[in-house]
Amino acid sequence: MIRANRGDTRERNRMTDVHGANRRVKVAIVGAGGHFTTGLLLGLSEQPGLRGAEVVLYDPNPAPLATLQRWGERLIEQRHSSFAITTAGVLQEALAGADFVFTTIRGGGGKAARADLEVPARHGIEQAVGDTVGPGGFAYALRQIPIHAEIAQTMHVACPDAWLLNFSNPMTAICRAVIRTGHTRCVGLCDGVFGRRSWLGHYLDVPEDELAFRHGGVNHLTWFTSLQRNGIDLYPVLRRRFQARGSDSQPVSFKLMEVFGLFPSPGDRHIAEFYPYFHRAEAEGGRAYGLPTSADRSEPWQRLEAEANGQVPVAAQGHGGAAAHAMALVAALSGAAAPPAHDKRPDPMGGLFAVNTPNRQHGEMVPDLPPWAVVEALARADADGLHPIPSGELPAGIAATLRARLDQQELTVEAALTGDRGLALQALAADPLVPSLEQAEAVLEELLHVQAAYLPRFA
């Protein structure tokens, strides 16, 4: 079980008043201008145990905060919810006394994210997403890690017992860096497994809430180690169905299942970037597998502004299922979750959460990976903390890939924290998507030049 890094009993007492009733929970959202904020507010409105919560929005760019505050106030009005929403101008103010700190940050914003894809593409390296591994994920990590390390260090003073719940990418590298600051109460949250479970249920003609599973790996490269319905193994059914009719989507996932024996859970866009095969030139940069490339991104904001300004009703869907699910985790960890017998709201995950945490901090999560590694698996949660559910063993070929990527990301974390160009080059050269040392050197030089404003440690 993963517990607080200090005083579990003190923390449980702090969460309740003298009568045992839940006290007002404070939630800080750092990087609130990101797309998860509306989902978090929607999720909060659906948690009766969190009535009266205080939400503070903070973003280094304050421009979106007024819109998001208005959006939240309209949500409270429409749903007759009971929580307060404010904004803060400085990080310390937002974090002071917080019980839960969400990080939803995109260091450098859209301009830097475009460079993460376009710079490597100019040197012959294509990616679909570029937010986890590959040259894009590497560059993103260099910007994101110092920001999150600063947040964790501020939390040591402003809210030392708070949970840091991270939505930012690259998930594994960020959580590893935060934990290295000494703030071990850090959990990364991702919705990849939710969507893939739903997709598999449809593909197998199995109701989603009847599809039980275990999964494990590292963020954006996790694998279903078990798929069952009423205790019956569904893997033989999945293999027969694919052999009989194929699939009009997820060709990368099915190809990997044929090779390694397990179906990956995050979806083709992410898992393809962990292997050198799918974005190679012979695969048209990825288009041969139906993967997007550096030219295929858009980020609409107009709908949110229309909702915030009252031109259209606040949408109940489409703002981040993972973010809404995260508020159920907040309720569980704060002891405010309704008992299952009294909670009539649908819960497709059956009270389970997909969490990214250190592998063997308090019990093994993914047996084939190192104890220090930040891994993703399922867990239950309550006021005592997280109770991980071991993934089960992974095939040797999968475990070997994961260990190599963890080692490479560890190099990236060290480079980001220190600003060491030599380590940065080693980390980039160790990525399988980078075909040559010459390309690694050229990509690194250009990325450090065009993103210099966001990378002061490399000046």
# chains A, B, ... in the order shown; residues from 1 in each chain; ligands from 1
call {"tool": "residues_around", "arguments": {"residues": "Asp99 (chain A)", "least_positions_apart": "2", "cutoff": "9 Å", "atoms": "only C-alpha atoms", "output": "count of residues only"}}
result
14
call {"tool": "residues_around", "arguments": {"residues": "region 231-244 of chain A", "least_positions_apart": "3", "cutoff": "12 Å", "atoms": "only C-alpha atoms", "output": "ChimeraX atom specification"}}
result
/A:200-206,210-214,224-228,247-251,253-255,257-258,261-263
call {"tool": "write_last_selection", "arguments": {"atoms": "N, CA and C atoms", "output": "PDB file, in the first residue's frame"}}
result
ATOM      1  N   LEU A 200     -12.288  -2.246 -26.662  1.00  0.00           N
ATOM      2  CA  LEU A 200     -12.268  -3.714 -26.688  1.00  0.00           C
ATOM      3  C   LEU A 200     -13.632  -4.298 -26.379  1.00  0.00           C
ATOM      4  N   GLY A 201     -14.358  -3.679 -25.449  1.00  0.00           N
ATOM      5  CA  GLY A 201     -15.705  -4.162 -25.167  1.00  0.00           C
ATOM      6  C   GLY A 201     -16.581  -4.122 -26.399  1.00  0.00           C
ATOM      7  N   HIS A 202     -16.476  -3.025 -27.157  1.00  0.00           N
ATOM      8  CA  HIS A 202     -17.252  -2.918 -28.396  1.00  0.00           C
ATOM      9  C   HIS A 202     -16.783  -3.955 -29.414  1.00  0.00           C
ATOM     10  N   TYR A 203     -15.473  -4.114 -29.553  1.00  0.00           N
ATOM     11  CA  TYR A 203     -14.927  -5.044 -30.536  1.00  0.00           C
ATOM     12  C   TYR A 203     -15.320  -6.483 -30.212  1.00  0.00           C
ATOM     13  N   LEU A 204     -15.390  -6.819 -28.918  1.00  0.00           N
ATOM     14  CA  LEU A 204     -15.702  -8.189 -28.487  1.00  0.00           C
ATOM     15  C   LEU A 204     -17.185  -8.400 -28.206  1.00  0.00           C
ATOM     16  N   ASP A 205     -17.993  -7.352 -28.378  1.00  0.00           N
ATOM     17  CA  ASP A 205     -19.428  -7.433 -28.060  1.00  0.00           C
ATOM     18  C   ASP A 205     -19.640  -7.813 -26.595  1.00  0.00           C
ATOM     19  N   VAL A 206     -18.859  -7.192 -25.724  1.00  0.00           N
ATOM     20  CA  VAL A 206     -18.958  -7.424 -24.284  1.00  0.00           C
ATOM     21  C   VAL A 206     -19.298  -6.096 -23.613  1.00  0.00           C
ATOM     22  N   GLU A 210     -18.678  -5.375 -17.794  1.00  0.00           N
ATOM     23  CA  GLU A 210     -18.458  -6.808 -17.560  1.00  0.00           C
ATOM     24  C   GLU A 210     -17.061  -7.247 -17.993  1.00  0.00           C
ATOM     25  N   LEU A 211     -16.265  -6.316 -18.519  1.00  0.00           N
ATOM     26  CA  LEU A 211     -14.924  -6.646 -18.992  1.00  0.00           C
ATOM     27  C   LEU A 211     -13.930  -6.317 -17.872  1.00  0.00           C
ATOM     28  N   ALA A 212     -13.492  -7.359 -17.176  1.00  0.00           N
ATOM     29  CA  ALA A 212     -12.521  -7.199 -16.101  1.00  0.00           C
ATOM     30  C   ALA A 212     -11.112  -7.326 -16.670  1.00  0.00           C
ATOM     31  N   PHE A 213     -10.186  -6.582 -16.101  1.00  0.00           N
ATOM     32  CA  PHE A 213      -8.834  -6.618 -16.650  1.00  0.00           C
ATOM     33  C   PHE A 213      -7.814  -6.266 -15.585  1.00  0.00           C
ATOM     34  N   ARG A 214      -6.583  -6.622 -15.892  1.00  0.00           N
ATOM     35  CA  ARG A 214      -5.407  -6.075 -15.214  1.00  0.00           C
ATOM     36  C   ARG A 214      -4.476  -5.556 -16.297  1.00  0.00           C
ATOM     37  N   PHE A 224      -2.511  -5.159 -21.413  1.00  0.00           N
ATOM     38  CA  PHE A 224      -3.522  -5.947 -20.708  1.00  0.00           C
ATOM     39  C   PHE A 224      -2.937  -7.322 -20.404  1.00  0.00           C
ATOM     40  N   THR A 225      -2.607  -7.563 -19.153  1.00  0.00           N
ATOM     41  CA  THR A 225      -2.093  -8.872 -18.762  1.00  0.00           C
ATOM     42  C   THR A 225      -3.227  -9.869 -18.538  1.00  0.00           C
ATOM     43  N   SER A 226      -4.447  -9.357 -18.387  1.00  0.00           N
ATOM     44  CA  SER A 226      -5.612 -10.227 -18.199  1.00  0.00           C
ATOM     45  C   SER A 226      -6.839  -9.534 -18.763  1.00  0.00           C
ATOM     46  N   LEU A 227      -7.653 -10.261 -19.515  1.00  0.00           N
ATOM     47  CA  LEU A 227      -8.951  -9.809 -20.016  1.00  0.00           C
ATOM     48  C   LEU A 227      -9.951 -10.911 -19.727  1.00  0.00           C
ATOM     49  N   GLN A 228     -10.964 -10.619 -18.923  1.00  0.00           N
ATOM     50  CA  GLN A 228     -11.911 -11.658 -18.529  1.00  0.00           C
ATOM     51  C   GLN A 228     -13.338 -11.130 -18.508  1.00  0.00           C
ATOM     52  N   SER A 247      -9.420  -5.843 -38.220  1.00  0.00           N
ATOM     53  CA  SER A 247      -9.912  -4.639 -37.561  1.00  0.00           C
ATOM     54  C   SER A 247      -9.661  -3.449 -38.466  1.00  0.00           C
ATOM     55  N   ASP A 248     -10.606  -2.517 -38.473  1.00  0.00           N
ATOM     56  CA  ASP A 248     -10.426  -1.332 -39.301  1.00  0.00           C
ATOM     57  C   ASP A 248      -9.701  -0.220 -38.550  1.00  0.00           C
ATOM     58  N   SER A 249      -9.236  -0.519 -37.327  1.00  0.00           N
ATOM     59  CA  SER A 249      -8.434   0.443 -36.569  1.00  0.00           C
ATOM     60  C   SER A 249      -7.470  -0.323 -35.664  1.00  0.00           C
ATOM     61  N   GLN A 250      -6.548   0.394 -35.062  1.00  0.00           N
ATOM     62  CA  GLN A 250      -5.551  -0.171 -34.144  1.00  0.00           C
ATOM     63  C   GLN A 250      -4.658  -1.244 -34.788  1.00  0.00           C
ATOM     64  N   PRO A 251      -4.174  -1.027 -36.008  1.00  0.00           N
ATOM     65  CA  PRO A 251      -3.316  -2.047 -36.621  1.00  0.00           C
ATOM     66  C   PRO A 251      -2.000  -2.233 -35.872  1.00  0.00           C
ATOM     67  N   SER A 253      -1.535  -1.968 -32.600  1.00  0.00           N
ATOM     68  CA  SER A 253      -1.815  -2.756 -31.395  1.00  0.00           C
ATOM     69  C   SER A 253      -1.967  -4.236 -31.725  1.00  0.00           C
ATOM     70  N   PHE A 254      -2.678  -4.527 -32.797  1.00  0.00           N
ATOM     71  CA  PHE A 254      -2.861  -5.936 -33.159  1.00  0.00           C
ATOM     72  C   PHE A 254      -1.549  -6.559 -33.632  1.00  0.00           C
ATOM     73  N   LYS A 255      -0.735  -5.794 -34.342  1.00  0.00           N
ATOM     74  CA  LYS A 255       0.555  -6.319 -34.767  1.00  0.00           C
ATOM     75  C   LYS A 255       1.408  -6.670 -33.558  1.00  0.00           C
ATOM     76  N   MET A 257       0.314  -7.414 -30.585  1.00  0.00           N
ATOM     77  CA  MET A 257      -0.273  -8.592 -29.932  1.00  0.00           C
ATOM     78  C   MET A 257       0.185  -9.871 -30.622  1.00  0.00           C
ATOM     79  N   GLU A 258       0.248  -9.847 -31.961  1.00  0.00           N
ATOM     80  CA  GLU A 258       0.716 -11.029 -32.687  1.00  0.00           C
ATOM     81  C   GLU A 258       2.156 -11.377 -32.310  1.00  0.00           C
ATOM     82  N   GLY A 261       2.074 -11.317 -27.747  1.00  0.00           N
ATOM     83  CA  GLY A 261       1.070 -12.116 -27.065  1.00  0.00           C
ATOM     84  C   GLY A 261       0.074 -11.350 -26.227  1.00  0.00           C
ATOM     85  N   LEU A 262       0.302 -10.058 -25.970  1.00  0.00           N
ATOM     86  CA  LEU A 262      -0.625  -9.240 -25.194  1.00  0.00           C
ATOM     87  C   LEU A 262      -1.056  -8.029 -26.004  1.00  0.00           C
ATOM     88  N   PHE A 263      -2.241  -7.514 -25.677  1.00  0.00           N
ATOM     89  CA  PHE A 263      -2.770  -6.331 -26.362  1.00  0.00           C
ATOM     90  C   PHE A 263      -2.398  -5.094 -25.554  1.00  0.00           C
TER      91      PHE A 263
END
call {"tool": "residues_around", "arguments": {"residues": "Ala66 (chain A)", "least_positions_apart": "5", "cutoff": "10 Å", "atoms": "only C-alpha atoms", "output": "VMD selection string"}}
result
chain A and resid 33 57 71 to 72 86 to 87 308
call {"tool": "residues_around", "arguments": {"residues": "Pro358 (chain A)", "least_positions_apart": "5", "cutoff": "12 Å", "atoms": "only C-alpha atoms", "output": "count of residues only"}}
result
34
call {"tool": "closest_residue", "arguments": {"among": "A:Val157, A:Val129, A:Thr412, A:Ala336", "to": "Leu291 (chain A)", "atoms": "only C-alpha atoms"}}
result
A:Val129
call {"tool": "select_by_dssp", "arguments": {"residues": "region 138-244 of chain A", "states": "strand (DSSP E)", "output": "mmCIF file with N, CA, C and O atoms, in the first residue's frame"}}
result
data_model
loop_
_atom_site.group_PDB
_atom_site.id
_atom_site.type_symbol
_atom_site.label_atom_id
_atom_site.label_comp_id
_atom_site.auth_asym_id
_atom_site.auth_seq_id
_atom_site.Cartn_x
_atom_site.Cartn_y
_atom_site.Cartn_z
ATOM 1 N N TRP A 163 -1.434 15.536 -1.797
ATOM 2 C CA TRP A 163 -1.189 14.652 -2.938
ATOM 3 C C TRP A 163 -0.960 15.513 -4.164
ATOM 4 O O TRP A 163 -1.723 16.442 -4.436
ATOM 5 N N LEU A 164 0.076 15.188 -4.923
ATOM 6 C CA LEU A 164 0.258 15.788 -6.238
ATOM 7 C C LEU A 164 -0.275 14.801 -7.258
ATOM 8 O O LEU A 164 0.242 13.685 -7.393
ATOM 9 N N LEU A 165 -1.324 15.192 -7.971
ATOM 10 C CA LEU A 165 -1.974 14.338 -8.967
ATOM 11 C C LEU A 165 -1.669 14.934 -10.336
ATOM 12 O O LEU A 165 -2.175 16.004 -10.693
ATOM 13 N N ASN A 166 -0.835 14.255 -11.088
ATOM 14 C CA ASN A 166 -0.287 14.822 -12.307
ATOM 15 C C ASN A 166 -0.977 14.295 -13.559
ATOM 16 O O ASN A 166 -1.066 13.088 -13.774
ATOM 17 N N CYS A 186 3.045 11.362 -4.885
ATOM 18 C CA CYS A 186 2.831 11.801 -6.263
ATOM 19 C C CYS A 186 2.205 10.657 -7.042
ATOM 20 O O CYS A 186 2.683 9.524 -6.997
ATOM 21 N N VAL A 187 1.124 10.960 -7.774
ATOM 22 C CA VAL A 187 0.427 9.968 -8.581
ATOM 23 C C VAL A 187 0.172 10.562 -9.964
ATOM 24 O O VAL A 187 -0.349 11.673 -10.086
ATOM 25 N N GLY A 188 0.562 9.833 -10.997
ATOM 26 C CA GLY A 188 0.239 10.239 -12.358
ATOM 27 C C GLY A 188 -1.051 9.574 -12.812
ATOM 28 O O GLY A 188 -1.290 8.395 -12.525
ATOM 29 N N LEU A 189 -1.888 10.330 -13.504
ATOM 30 C CA LEU A 189 -3.199 9.840 -13.937
ATOM 31 C C LEU A 189 -3.329 9.960 -15.450
ATOM 32 O O LEU A 189 -3.000 10.995 -16.032
ATOM 33 N N ALA A 212 -13.492 -7.359 -17.176
ATOM 34 C CA ALA A 212 -12.521 -7.199 -16.101
ATOM 35 C C ALA A 212 -11.112 -7.326 -16.670
ATOM 36 O O ALA A 212 -10.883 -8.112 -17.592
ATOM 37 N N PHE A 213 -10.186 -6.582 -16.101
ATOM 38 C CA PHE A 213 -8.834 -6.618 -16.650
ATOM 39 C C PHE A 213 -7.814 -6.266 -15.585
ATOM 40 O O PHE A 213 -8.132 -5.706 -14.536
ATOM 41 N N ARG A 214 -6.583 -6.622 -15.892
ATOM 42 C CA ARG A 214 -5.407 -6.075 -15.214
ATOM 43 C C ARG A 214 -4.476 -5.556 -16.297
ATOM 44 O O ARG A 214 -4.468 -6.070 -17.409
ATOM 45 N N HIS A 215 -3.720 -4.539 -15.947
ATOM 46 C CA HIS A 215 -2.766 -4.026 -16.920
ATOM 47 C C HIS A 215 -1.534 -3.529 -16.191
ATOM 48 O O HIS A 215 -1.564 -3.259 -14.979
ATOM 49 N N GLY A 216 -0.426 -3.413 -16.932
ATOM 50 C CA GLY A 216 0.803 -2.924 -16.329
ATOM 51 C C GLY A 216 1.802 -2.514 -17.386
ATOM 52 O O GLY A 216 1.728 -2.932 -18.541
ATOM 53 N N GLY A 217 2.744 -1.683 -16.988
ATOM 54 C CA GLY A 217 3.787 -1.191 -17.875
ATOM 55 C C GLY A 217 4.192 0.193 -17.441
ATOM 56 O O GLY A 217 4.172 0.523 -16.247
ATOM 57 N N VAL A 218 4.571 1.039 -18.398
ATOM 58 C CA VAL A 218 4.834 2.446 -18.126
ATOM 59 C C VAL A 218 3.848 3.264 -18.944
ATOM 60 O O VAL A 218 3.296 2.791 -19.939
ATOM 61 N N LEU A 221 2.687 2.978 -22.597
ATOM 62 C CA LEU A 221 3.076 1.650 -23.096
ATOM 63 C C LEU A 221 2.723 0.625 -22.015
ATOM 64 O O LEU A 221 3.585 0.030 -21.385
ATOM 65 N N THR A 222 1.429 0.474 -21.784
ATOM 66 C CA THR A 222 0.931 -0.521 -20.841
ATOM 67 C C THR A 222 0.241 -1.634 -21.618
ATOM 68 O O THR A 222 -0.162 -1.459 -22.776
ATOM 69 N N TRP A 223 0.074 -2.765 -20.945
ATOM 70 C CA TRP A 223 -0.419 -3.969 -21.607
ATOM 71 C C TRP A 223 -1.475 -4.652 -20.751
ATOM 72 O O TRP A 223 -1.332 -4.730 -19.522
ATOM 73 N N PHE A 224 -2.511 -5.159 -21.413
ATOM 74 C CA PHE A 224 -3.522 -5.947 -20.708
ATOM 75 C C PHE A 224 -2.937 -7.322 -20.404
ATOM 76 O O PHE A 224 -2.794 -8.162 -21.298
ATOM 77 N N THR A 225 -2.607 -7.563 -19.153
ATOM 78 C CA THR A 225 -2.093 -8.872 -18.762
ATOM 79 C C THR A 225 -3.227 -9.869 -18.538
ATOM 80 O O THR A 225 -2.991 -11.078 -18.510
ATOM 81 N N SER A 226 -4.447 -9.357 -18.387
ATOM 82 C CA SER A 226 -5.612 -10.227 -18.199
ATOM 83 C C SER A 226 -6.839 -9.534 -18.763
ATOM 84 O O SER A 226 -7.048 -8.334 -18.540
ATOM 85 N N LEU A 227 -7.653 -10.261 -19.515
ATOM 86 C CA LEU A 227 -8.951 -9.809 -20.016
ATOM 87 C C LEU A 227 -9.951 -10.911 -19.727
ATOM 88 O O LEU A 227 -9.813 -12.029 -20.238
ATOM 89 N N GLN A 228 -10.964 -10.619 -18.923
ATOM 90 C CA GLN A 228 -11.911 -11.658 -18.529
ATOM 91 C C GLN A 228 -13.338 -11.130 -18.508
ATOM 92 O O GLN A 228 -13.578 -9.929 -18.340
ATOM 93 N N ARG A 229 -14.259 -12.074 -18.675
ATOM 94 C CA ARG A 229 -15.681 -11.810 -18.460
ATOM 95 C C ARG A 229 -16.241 -12.954 -17.630
ATOM 96 O O ARG A 229 -16.160 -14.119 -18.047
ATOM 97 N N ILE A 232 -13.930 -15.825 -17.240
ATOM 98 C CA ILE A 232 -13.506 -16.547 -18.446
ATOM 99 C C ILE A 232 -12.494 -15.702 -19.217
ATOM 100 O O ILE A 232 -12.727 -14.514 -19.472
ATOM 101 N N ASP A 233 -11.382 -16.302 -19.596
ATOM 102 C CA ASP A 233 -10.324 -15.624 -20.338
ATOM 103 C C ASP A 233 -10.821 -15.216 -21.723
ATOM 104 O O ASP A 233 -11.301 -16.060 -22.502
#
call {"tool": "select_by_dssp", "arguments": {"residues": "region 333-428 of chain A", "states": "helix (DSSP H, G or I)", "output": "PyMOL selection string"}}
result
chain A and resi 333+340-342+396-418+421-428
call {"tool": "decode", "arguments": {"residues": "region 34-113 of chain A", "atoms": "C-alpha atoms", "output": "mmCIF file, in the first residue's frame"}}
result
data_model
loop_
_atom_site.group_PDB
_atom_site.id
_atom_site.type_symbol
_atom_site.label_atom_id
_atom_site.label_comp_id
_atom_site.auth_asym_id
_atom_site.auth_seq_id
_atom_site.Cartn_x
_atom_site.Cartn_y
_atom_site.Cartn_z
ATOM 1 C CA GLY A 34 -5.122 23.347 -19.960
ATOM 2 C CA HIS A 35 -7.910 21.178 -21.309
ATOM 3 C CA PHE A 36 -8.345 19.020 -18.179
ATOM 4 C CA THR A 37 -9.744 21.771 -15.959
ATOM 5 C CA THR A 38 -13.323 21.593 -17.194
ATOM 6 C CA GLY A 39 -13.319 17.812 -16.734
ATOM 7 C CA LEU A 40 -12.067 18.223 -13.169
ATOM 8 C CA LEU A 41 -14.837 20.692 -12.382
ATOM 9 C CA LEU A 42 -17.423 18.408 -13.954
ATOM 10 C CA GLY A 43 -16.093 15.514 -11.891
ATOM 11 C CA LEU A 44 -16.224 17.588 -8.724
ATOM 12 C CA SER A 45 -19.871 18.442 -9.375
ATOM 13 C CA GLU A 46 -20.633 14.692 -9.424
ATOM 14 C CA GLN A 47 -19.074 13.924 -6.014
ATOM 15 C CA PRO A 48 -21.561 14.494 -3.153
ATOM 16 C CA GLY A 49 -18.845 13.863 -0.578
ATOM 17 C CA LEU A 50 -16.881 16.850 -1.839
ATOM 18 C CA ARG A 51 -19.650 19.401 -1.359
ATOM 19 C CA GLY A 52 -18.211 22.658 -0.077
ATOM 20 C CA ALA A 53 -14.801 22.035 -1.627
ATOM 21 C CA GLU A 54 -12.588 24.985 -2.473
ATOM 22 C CA VAL A 55 -11.006 25.027 -5.944
ATOM 23 C CA VAL A 56 -8.189 27.428 -6.773
ATOM 24 C CA LEU A 57 -7.116 27.897 -10.385
ATOM 25 C CA TYR A 58 -3.550 28.947 -11.140
ATOM 26 C CA ASP A 59 -1.709 29.377 -14.414
ATOM 27 C CA PRO A 60 1.453 31.365 -15.223
ATOM 28 C CA ASN A 61 -0.566 32.727 -18.153
ATOM 29 C CA PRO A 62 -3.606 34.240 -16.410
ATOM 30 C CA ALA A 63 -5.498 35.001 -19.630
ATOM 31 C CA PRO A 64 -7.654 31.812 -19.684
ATOM 32 C CA LEU A 65 -8.474 31.864 -15.956
ATOM 33 C CA ALA A 66 -11.332 34.373 -16.098
ATOM 34 C CA THR A 67 -13.027 32.290 -18.795
ATOM 35 C CA LEU A 68 -12.554 29.087 -16.808
ATOM 36 C CA GLN A 69 -13.825 30.673 -13.597
ATOM 37 C CA ARG A 70 -16.968 31.882 -15.399
ATOM 38 C CA TRP A 71 -17.366 28.396 -16.904
ATOM 39 C CA GLY A 72 -17.114 26.844 -13.437
ATOM 40 C CA GLU A 73 -19.629 29.288 -11.968
ATOM 41 C CA ARG A 74 -22.107 28.461 -14.735
ATOM 42 C CA LEU A 75 -21.570 24.757 -14.052
ATOM 43 C CA ILE A 76 -22.306 25.296 -10.340
ATOM 44 C CA GLU A 77 -25.481 27.183 -11.236
ATOM 45 C CA GLN A 78 -26.714 24.643 -13.803
ATOM 46 C CA ARG A 79 -26.012 21.597 -11.633
ATOM 47 C CA HIS A 80 -26.916 23.175 -8.289
ATOM 48 C CA SER A 81 -23.471 22.201 -7.072
ATOM 49 C CA SER A 82 -21.821 23.428 -3.898
ATOM 50 C CA PHE A 83 -18.163 24.307 -4.291
ATOM 51 C CA ALA A 84 -16.225 27.549 -4.475
ATOM 52 C CA ILE A 85 -13.968 28.462 -7.370
ATOM 53 C CA THR A 86 -11.356 31.208 -7.227
ATOM 54 C CA THR A 87 -8.136 32.132 -9.017
ATOM 55 C CA ALA A 88 -4.680 32.871 -7.628
ATOM 56 C CA GLY A 89 -1.987 35.123 -9.030
ATOM 57 C CA VAL A 90 1.024 33.389 -7.482
ATOM 58 C CA LEU A 91 1.843 29.715 -7.053
ATOM 59 C CA GLN A 92 2.409 29.842 -3.291
ATOM 60 C CA GLU A 93 -1.043 31.359 -2.764
ATOM 61 C CA ALA A 94 -2.687 28.664 -4.859
ATOM 62 C CA LEU A 95 -0.918 25.850 -2.997
ATOM 63 C CA ALA A 96 -1.216 27.158 0.559
ATOM 64 C CA GLY A 97 -3.058 24.564 2.645
ATOM 65 C CA ALA A 98 -4.066 22.454 -0.366
ATOM 66 C CA ASP A 99 -5.021 18.811 0.123
ATOM 67 C CA PHE A 100 -4.731 17.917 -3.564
ATOM 68 C CA VAL A 101 -2.661 19.621 -6.242
ATOM 69 C CA PHE A 102 -3.420 18.814 -9.881
ATOM 70 C CA THR A 103 -0.776 19.622 -12.468
ATOM 71 C CA THR A 104 -2.079 20.048 -16.024
ATOM 72 C CA ILE A 105 0.850 21.934 -17.520
ATOM 73 C CA ARG A 106 2.141 22.369 -21.069
ATOM 74 C CA GLY A 107 5.502 24.047 -20.727
ATOM 75 C CA GLY A 108 6.069 26.309 -23.721
ATOM 76 C CA GLY A 109 2.454 25.990 -24.894
ATOM 77 C CA GLY A 110 1.356 25.162 -28.420
ATOM 78 C CA LYS A 111 4.291 26.864 -30.127
ATOM 79 C CA ALA A 112 6.848 24.680 -28.359
ATOM 80 C CA ALA A 113 4.687 21.582 -28.855
#
